[in-house]
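Q: One file: my_file.tsv (TSV, C-alpha atoms).
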```tsv
chain	number	residue	atom	x	y	z
A	350	MET	CA	112.26	90.65	78.44
A	351	LEU	CA	113.24	94.19	79.32
A	352	ALA	CA	115.62	94.70	82.22
A	353	LYS	CA	113.91	95.72	85.45
A	354	ARG	CA	114.40	99.29	86.65
A	355	ILE	CA	115.11	100.62	90.15
A	356	ILE	CA	113.74	104.13	90.62
A	357	PRO	CA	114.17	106.40	93.65
A	358	CYS	CA	111.31	108.82	94.28
A	359	LEU	CA	111.57	112.38	95.52
A	360	ASP	CA	108.31	113.50	97.15
A	361	VAL	CA	108.80	117.26	97.37
A	362	LYS	CA	106.89	119.66	99.62
A	363	ASP	CA	107.91	123.29	100.21
A	364	GLY	CA	111.15	122.66	98.31
A	365	ARG	CA	112.26	119.73	100.49
A	366	VAL	CA	112.06	115.97	100.04
A	367	VAL	CA	109.66	114.43	102.57
A	368	LYS	CA	108.49	110.91	103.40
A	369	GLY	CA	105.65	109.60	105.52
A	370	VAL	CA	103.57	106.48	106.22
A	371	ASN	CA	100.28	105.90	104.37
A	372	PHE	CA	100.64	109.41	102.89
A	373	VAL	CA	100.70	111.17	106.30
A	374	ASN	CA	103.19	112.04	109.12
A	375	LEU	CA	105.72	113.52	106.71
A	376	ARG	CA	109.32	114.04	107.81
A	377	ASP	CA	112.21	115.81	106.10
A	378	ALA	CA	114.53	113.71	103.95
A	379	GLY	CA	116.78	116.31	102.36
A	380	ASP	CA	117.38	118.62	99.42
A	381	PRO	CA	115.91	117.32	96.12
A	382	VAL	CA	118.77	118.55	93.95
A	383	GLU	CA	121.45	116.97	96.15
A	384	LEU	CA	119.54	113.69	96.46
A	385	ALA	CA	118.94	113.53	92.71
A	386	ALA	CA	122.66	113.95	92.00
A	387	THR	CA	123.51	111.26	94.54
A	388	TYR	CA	121.07	108.75	93.04
A	389	ASP	CA	122.37	109.43	89.55
A	390	GLN	CA	125.90	108.61	90.75
A	391	GLU	CA	124.71	105.53	92.65
A	392	GLY	CA	123.24	103.86	89.57
A	393	ALA	CA	119.53	104.67	89.64
A	394	ASP	CA	117.89	103.83	86.32
A	395	GLU	CA	115.47	106.75	86.48
A	396	LEU	CA	114.24	109.34	88.93
A	397	VAL	CA	110.71	110.44	89.84
A	398	PHE	CA	110.06	113.91	91.24
A	399	LEU	CA	106.56	114.46	92.68
A	400	ASP	CA	105.48	117.87	93.91
A	401	ILE	CA	103.01	116.34	96.37
A	402	SER	CA	101.28	119.51	97.50
A	403	ALA	CA	100.86	121.25	94.12
A	404	SER	CA	97.44	119.78	93.29
A	405	VAL	CA	96.13	120.35	96.82
A	406	GLU	CA	97.37	123.95	96.84
A	407	GLY	CA	96.14	124.58	93.31
A	408	ARG	CA	99.49	125.73	91.92
A	409	ALA	CA	101.96	124.71	89.25
A	410	THR	CA	104.95	122.44	89.85
A	411	MET	CA	108.13	124.16	91.09
A	412	ILE	CA	109.84	124.83	87.76
A	413	GLU	CA	113.08	126.22	89.22
A	414	VAL	CA	113.64	123.14	91.39
A	415	VAL	CA	112.95	120.95	88.37
A	416	LYS	CA	115.51	122.91	86.30
A	417	ARG	CA	118.18	122.63	88.98
A	418	THR	CA	117.52	118.93	89.45
A	419	ALA	CA	117.63	118.20	85.73
A	420	GLY	CA	120.95	120.02	85.53
A	421	GLU	CA	122.53	117.59	87.99
A	422	ILE	CA	121.51	114.27	86.45
A	423	THR	CA	121.88	112.26	83.24
A	424	ILE	CA	119.20	109.61	83.84
A	425	PRO	CA	115.54	109.85	82.71
A	426	PHE	CA	113.53	112.14	84.96
A	427	THR	CA	109.75	112.03	85.52
A	428	VAL	CA	108.04	115.06	87.06
A	429	GLY	CA	104.51	115.17	88.44
A	430	GLY	CA	102.28	117.37	90.56
A	431	GLY	CA	100.10	120.35	89.69
A	432	ILE	CA	99.88	119.53	85.97
A	433	SER	CA	96.50	120.45	84.50
A	434	HIS	CA	97.20	121.59	80.92
A	435	VAL	CA	99.33	120.52	77.96
A	436	ASP	CA	101.18	123.82	78.38
A	437	ASP	CA	102.22	122.70	81.88
A	438	MET	CA	103.73	119.58	80.32
A	439	LYS	CA	105.59	121.68	77.75
A	440	ARG	CA	107.08	123.91	80.46
A	441	LEU	CA	108.31	120.92	82.46
A	442	LEU	CA	109.78	119.18	79.43
A	443	ARG	CA	111.60	122.40	78.54
A	444	ALA	CA	112.82	122.64	82.14
A	445	GLY	CA	114.50	119.25	81.77
A	446	ALA	CA	111.89	116.59	82.52
A	447	ASP	CA	111.90	113.54	80.24
A	448	LYS	CA	108.45	112.32	81.24
A	449	ILE	CA	105.36	113.87	82.80
A	450	GLY	CA	103.48	112.25	85.66
A	451	ILE	CA	99.73	112.93	85.87
A	452	ASN	CA	97.37	111.79	88.62
A	453	THR	CA	94.66	114.16	89.86
A	454	ALA	CA	94.47	116.01	86.53
A	455	ALA	CA	93.91	112.75	84.64
A	456	VAL	CA	90.89	111.95	86.81
A	457	LYS	CA	89.48	115.46	86.38
A	458	ASN	CA	90.15	115.50	82.64
A	459	PRO	CA	91.11	112.15	81.07
A	460	THR	CA	91.56	113.76	77.64
A	461	LEU	CA	94.65	115.49	79.06
A	462	VAL	CA	96.37	112.10	78.79
A	463	SER	CA	95.45	111.64	75.13
A	464	ASP	CA	96.26	115.28	74.33
A	465	GLY	CA	99.70	114.94	75.95
A	466	ALA	CA	100.39	111.62	74.23
A	467	ARG	CA	99.43	113.05	70.87
A	468	LYS	CA	101.62	116.14	71.28
A	469	PHE	CA	104.69	114.66	72.98
A	470	GLY	CA	104.38	110.88	72.45
A	471	SER	CA	103.09	108.17	74.79
A	472	GLN	CA	106.61	107.57	76.08
A	473	CYS	CA	106.40	110.97	77.81
A	474	ILE	CA	103.12	110.31	79.65
A	475	VAL	CA	103.16	108.47	82.97
A	476	VAL	CA	99.80	108.15	84.69
A	477	ALA	CA	100.18	107.86	88.45
A	478	ILE	CA	97.53	105.80	90.22
A	479	ASP	CA	97.20	106.02	94.00
A	480	ALA	CA	95.05	103.05	95.00
A	481	LYS	CA	93.61	101.79	98.27
A	482	PHE	CA	91.71	98.58	98.92
A	483	ASN	CA	87.97	99.13	99.25
A	484	PRO	CA	86.57	96.28	101.38
A	485	VAL	CA	83.02	96.93	100.22
A	486	TRP	CA	84.01	96.41	96.59
A	487	GLY	CA	86.60	93.73	97.27
A	488	GLU	CA	89.01	95.60	95.00
A	489	TRP	CA	91.01	98.82	94.83
A	490	GLU	CA	89.80	102.41	94.54
A	491	VAL	CA	91.64	105.35	92.97
A	492	TYR	CA	92.44	108.36	95.17
A	493	THR	CA	93.53	111.87	94.14
A	494	HIS	CA	94.98	115.05	95.67
A	495	GLY	CA	97.92	113.28	97.30
A	496	GLY	CA	95.73	110.49	98.64
A	497	ARG	CA	93.25	112.85	100.26
A	498	GLN	CA	90.17	112.36	98.08
A	499	THR	CA	88.23	109.29	97.04
A	500	THR	CA	87.01	109.07	93.46
A	501	GLY	CA	84.65	106.10	93.26
A	502	ILE	CA	86.81	104.81	90.39
A	503	ARG	CA	87.94	101.19	90.34
A	504	ALA	CA	91.70	100.98	89.90
A	505	LEU	CA	91.82	98.12	87.39
A	506	GLU	CA	89.25	99.74	85.12
A	507	TRP	CA	91.10	103.05	85.40
A	508	ALA	CA	94.43	101.44	84.49
A	509	ARG	CA	92.91	99.98	81.33
A	510	GLU	CA	91.26	103.31	80.48
A	511	MET	CA	94.53	105.20	80.88
A	512	GLU	CA	96.28	102.75	78.57
A	513	ARG	CA	93.54	103.32	75.98
A	514	MET	CA	93.94	107.09	76.36
A	515	GLY	CA	97.63	106.88	75.48
A	516	ALA	CA	99.61	106.55	78.72
A	517	GLY	CA	103.06	105.11	78.11
A	518	GLU	CA	103.36	103.61	81.58
A	519	LEU	CA	101.65	103.54	84.97
A	520	LEU	CA	103.12	104.55	88.31
A	521	LEU	CA	101.09	102.45	90.73
A	522	THR	CA	101.25	103.36	94.41
A	523	SER	CA	99.58	101.21	97.06
A	524	MET	CA	98.31	103.58	99.73
A	525	ASP	CA	97.90	100.61	102.06
A	526	ALA	CA	101.58	99.68	101.76
A	527	ASP	CA	103.08	103.17	101.42
A	528	GLY	CA	105.83	103.81	103.96
A	529	THR	CA	105.08	100.65	105.93
A	530	LYS	CA	108.25	98.84	104.78
A	531	ASP	CA	106.29	95.58	104.87
A	532	GLY	CA	106.71	94.95	101.16
A	533	PHE	CA	105.12	96.05	97.91
A	534	ASP	CA	101.42	95.28	97.44
A	535	VAL	CA	101.90	92.19	95.29
A	536	ARG	CA	98.18	91.50	94.82
A	537	LEU	CA	97.45	95.00	93.57
A	538	THR	CA	100.54	95.19	91.37
A	539	ALA	CA	99.91	91.77	89.81
A	540	ALA	CA	96.26	92.63	89.14
A	541	VAL	CA	97.19	95.85	87.34
A	542	SER	CA	100.15	94.28	85.49
A	543	ASP	CA	97.83	91.56	84.17
A	544	SER	CA	95.21	94.13	83.12
A	545	VAL	CA	97.40	96.28	80.85
A	546	GLY	CA	100.07	95.91	78.21
A	547	ILE	CA	102.15	98.95	79.18
A	548	PRO	CA	104.89	99.00	81.84
A	549	VAL	CA	103.85	99.19	85.49
A	550	ILE	CA	106.07	100.83	88.11
A	551	ALA	CA	105.33	99.41	91.57
A	552	SER	CA	105.47	101.87	94.46
A	553	GLY	CA	104.82	101.74	98.18
A	554	GLY	CA	106.11	99.42	100.88
A	555	ALA	CA	109.74	98.57	100.10
A	556	GLY	CA	111.55	97.81	103.34
A	557	ARG	CA	113.83	94.82	102.76
A	558	ILE	CA	116.00	93.87	99.85
A	559	GLU	CA	113.93	90.78	99.04
A	560	HIS	CA	110.83	92.92	98.52
A	561	PHE	CA	112.19	93.99	95.13
A	562	ASN	CA	112.58	90.41	93.95
A	563	ASP	CA	109.07	89.66	95.20
A	564	VAL	CA	107.40	92.42	93.19
A	565	PHE	CA	109.33	91.54	90.03
A	566	GLN	CA	108.92	87.77	90.21
A	567	ASN	CA	105.43	87.52	91.70
A	568	ALA	CA	103.71	90.71	90.55
A	569	ARG	CA	105.36	91.10	87.14
A	570	ALA	CA	106.22	94.77	87.71
A	571	ASP	CA	108.49	96.37	85.14
A	572	ALA	CA	110.10	98.75	87.63
A	573	ALA	CA	110.17	99.27	91.38
A	574	LEU	CA	110.13	102.67	93.02
A	575	ALA	CA	111.25	103.36	96.58
A	576	ALA	CA	111.96	106.35	98.77
A	577	THR	CA	112.47	105.79	102.50
A	578	ILE	CA	115.03	102.99	102.28
A	579	PHE	CA	117.21	104.97	99.88
A	580	HIS	CA	116.78	108.40	101.48
A	581	TYR	CA	117.82	107.14	104.92
A	582	LYS	CA	120.63	104.90	103.59
A	583	GLU	CA	119.06	101.65	104.77
A	584	MET	CA	120.29	100.08	101.54
A	585	THR	CA	121.82	101.29	98.30
A	586	ILE	CA	120.60	100.94	94.75
A	587	GLN	CA	123.68	98.88	93.94
A	588	GLU	CA	122.94	96.45	96.78
A	589	VAL	CA	119.42	95.97	95.45
A	590	LYS	CA	120.68	95.34	91.93
A	591	ASP	CA	123.36	92.92	93.09
A	592	ASP	CA	120.77	90.94	95.06
A	593	LEU	CA	118.39	90.82	92.10
A	594	ARG	CA	121.14	89.57	89.79
A	595	LYS	CA	121.91	86.76	92.24
A	596	ARG	CA	118.25	85.78	92.11
A	597	GLY	CA	118.24	85.70	88.31
A	598	VAL	CA	116.42	88.98	87.71
A	599	GLU	CA	117.81	90.99	84.81
A	600	VAL	CA	118.60	94.56	85.83
A	601	ARG	CA	120.45	97.40	84.12
```
Could I get this structure in the form of structure tokens?

A:
Amino acid sequence: MLAKRIIPCLDVKDGRVVKGVNFVNLRDAGDPVELAATYDQEGADELVFLDISASVEGRATMIEVVKRTAGEITIPFTVGGGISHVDDMKRLLRAGADKIGINTAAVKNPTLVSDGARKFGSQCIVVAIDAKFNPVWGEWEVYTHGGRQTTGIRALEWAREMERMGAGELLLTSMDADGTKDGFDVRLTAAVSDSVGIPVIASGGAGRIEHFNDVFQNARADAALAATIFHYKEMTIQEVKDDLRKRGVEVR
């Protein structure tokens, strides 16, 4: 079994890291370059950088910020937001990204995933899925544009489709749990993990140290992503890893 990964997330808007609750009420959390360097030093396994307003504003990801961030770290670095063409992926990979995160663009044009996988390899393509429980369906629905738009797409079907199209892993964010600090959405994460054969990164809801163990042991996530608790120094990456080791979870 592969060692579980702990991944801090930098949600970037207007050049600053922000964090909110359920994708709204954003507050400033610092400079992305400084935070990235800190997390690299603190033992993060990877880093995710999401330009959360790029798709909404119809612009490309902030290349200069990506370059500066990549220059400060040695760990794998996923960048997403505002990616709509293979050329966008190429620019970000040249700027220092190791992987490309696609969400809204994948829904608009699913062949972008297969085109990217064919050109750069599946290991470079991370499909981000923002999902919210739809009580009418009794299952989860995919949202786009930073959680602002419904799609009518069922999350489990979409996860399987993205695997077929060549995604190397899935970044799964529970919109219901995001920023609540009540724990990862174990039901959603387990359902997606059981539906696909590629790694699933669980995101949304981390608030206590035991939440990481819960999503690894009970939802079979391959990695856990968090923002608020790390940005505001509520716990460190090393503390999370030490706790997981005590509970018998293999970490890097």

Q: With all atoms listed in the file as the atoms that count, which of A:Val549, A:Gly420, A:Arg440, A:Arg354 lies nearest to Gly392 in chain A?

A: A:Arg354

Q: Counting all atoms listed in the file, which residue out of A:Val397, A:Ile355, A:His580, A:Gly431 sits closest to Asp380 in chain A?

A: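 Nearest candidate to Asp380 in chain A out of A:Val397, A:Ile355, A:His580, A:Gly431: A:His580.
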
Q: Using all atoms listed in the file, find each residue of range 504-558 of chain A with at least one atom at most 12 Å away from an atom of range 451-455 of chain A; report its shortest atom-to-atom pair and that distance in Å (one decimal), sort the rows by chain and rising residue number, and return the result as JSON lines.

A:
```
{"residue": "A:Trp507", "atom": "CA", "partner": "A:Ala455", "partner_atom": "CA", "distance": 10.1}
{"residue": "A:Ala508", "atom": "CA", "partner": "A:Ala455", "partner_atom": "CA", "distance": 11.3}
{"residue": "A:Glu510", "atom": "CA", "partner": "A:Ala455", "partner_atom": "CA", "distance": 10.7}
{"residue": "A:Met511", "atom": "CA", "partner": "A:Ala455", "partner_atom": "CA", "distance": 8.5}
{"residue": "A:Glu512", "atom": "CA", "partner": "A:Ala455", "partner_atom": "CA", "distance": 11.9}
{"residue": "A:Met514", "atom": "CA", "partner": "A:Ala455", "partner_atom": "CA", "distance": 10.0}
{"residue": "A:Gly515", "atom": "CA", "partner": "A:Ala455", "partner_atom": "CA", "distance": 11.5}
{"residue": "A:Ala516", "atom": "CA", "partner": "A:Ile451", "partner_atom": "CA", "distance": 9.6}
{"residue": "A:Gly517", "atom": "CA", "partner": "A:Ile451", "partner_atom": "CA", "distance": 11.5}
{"residue": "A:Glu518", "atom": "CA", "partner": "A:Ile451", "partner_atom": "CA", "distance": 10.9}
{"residue": "A:Leu519", "atom": "CA", "partner": "A:Ile451", "partner_atom": "CA", "distance": 9.6}
{"residue": "A:Leu520", "atom": "CA", "partner": "A:Asn452", "partner_atom": "CA", "distance": 9.3}
{"residue": "A:Leu521", "atom": "CA", "partner": "A:Asn452", "partner_atom": "CA", "distance": 10.3}
{"residue": "A:Thr522", "atom": "CA", "partner": "A:Asn452", "partner_atom": "CA", "distance": 10.9}
```

Q: For Phe561 in chain A, which of A:Lys353, A:Arg509, A:Lys481, A:Arg365 is the closest residue, counting only C-alpha atoms?

A: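 Closest candidate: A:Lys353.
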
Q: So, counting all atoms listed in the file, which residue among A:Asp363, A:Asp534, A:Asp591, A:Asp436 is closest to Gly465 in chain A?

A: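 Checking each candidate against Gly465 in chain A, we get A:Asp436 as the closest.
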
Q: Enumerate, in order of chain and increasing residue number, the residues of range 471-553 of chain A with an atom no farther than 7 Å from range 562-578 of chain A, each with its shortest atom pair and distance in Å to one decimal, counting only C-alpha atoms, as a Markdown table.

A:
```
| residue | atom | partner | partner_atom | distance |
| --- | --- | --- | --- | --- |
| A:Phe533 | CA | A:Val564 | CA | 6.4 |
| A:Val535 | CA | A:Ala568 | CA | 5.3 |
| A:Thr538 | CA | A:Ala568 | CA | 5.5 |
| A:Ala539 | CA | A:Ala568 | CA | 4.0 |
| A:Ser542 | CA | A:Arg569 | CA | 6.3 |
| A:Pro548 | CA | A:Asp571 | CA | 5.5 |
| A:Val549 | CA | A:Asp571 | CA | 5.4 |
| A:Ile550 | CA | A:Ala572 | CA | 4.6 |
| A:Ala551 | CA | A:Ala573 | CA | 4.8 |
| A:Ser552 | CA | A:Leu574 | CA | 4.9 |
| A:Gly553 | CA | A:Ala575 | CA | 6.8 |
```

Q: With distances taken over all atoms listed in the file, which residue among A:Cys358, A:Ile412, A:Asp525, A:Leu384 lies nearest Lys439 in chain A?

A: A:Ile412

Q: Considering only C-alpha atoms, can you say which of A:Ala352, A:Val541, A:Ile449, A:Ala526 comes closest to Val600 in chain A?

A: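 Result for the nearest residue to Val600 in chain A: A:Ala352.
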
Q: If I take CA of Glu599 in chain A and CA of Ala385 in chain A, how far is one from the other in Å, to one decimal?

A: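 Spanning CA of Glu599 in chain A to CA of Ala385 in chain A is a straight-line distance of 23.9 Å.
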
Q: Which distance in Å separates CA of Ile356 in chain A and CA of Ala393 in chain A, to one decimal?

A: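 So the two atoms, CA of Ile356 in chain A and CA of Ala393 in chain A, lie 5.9 Å apart.
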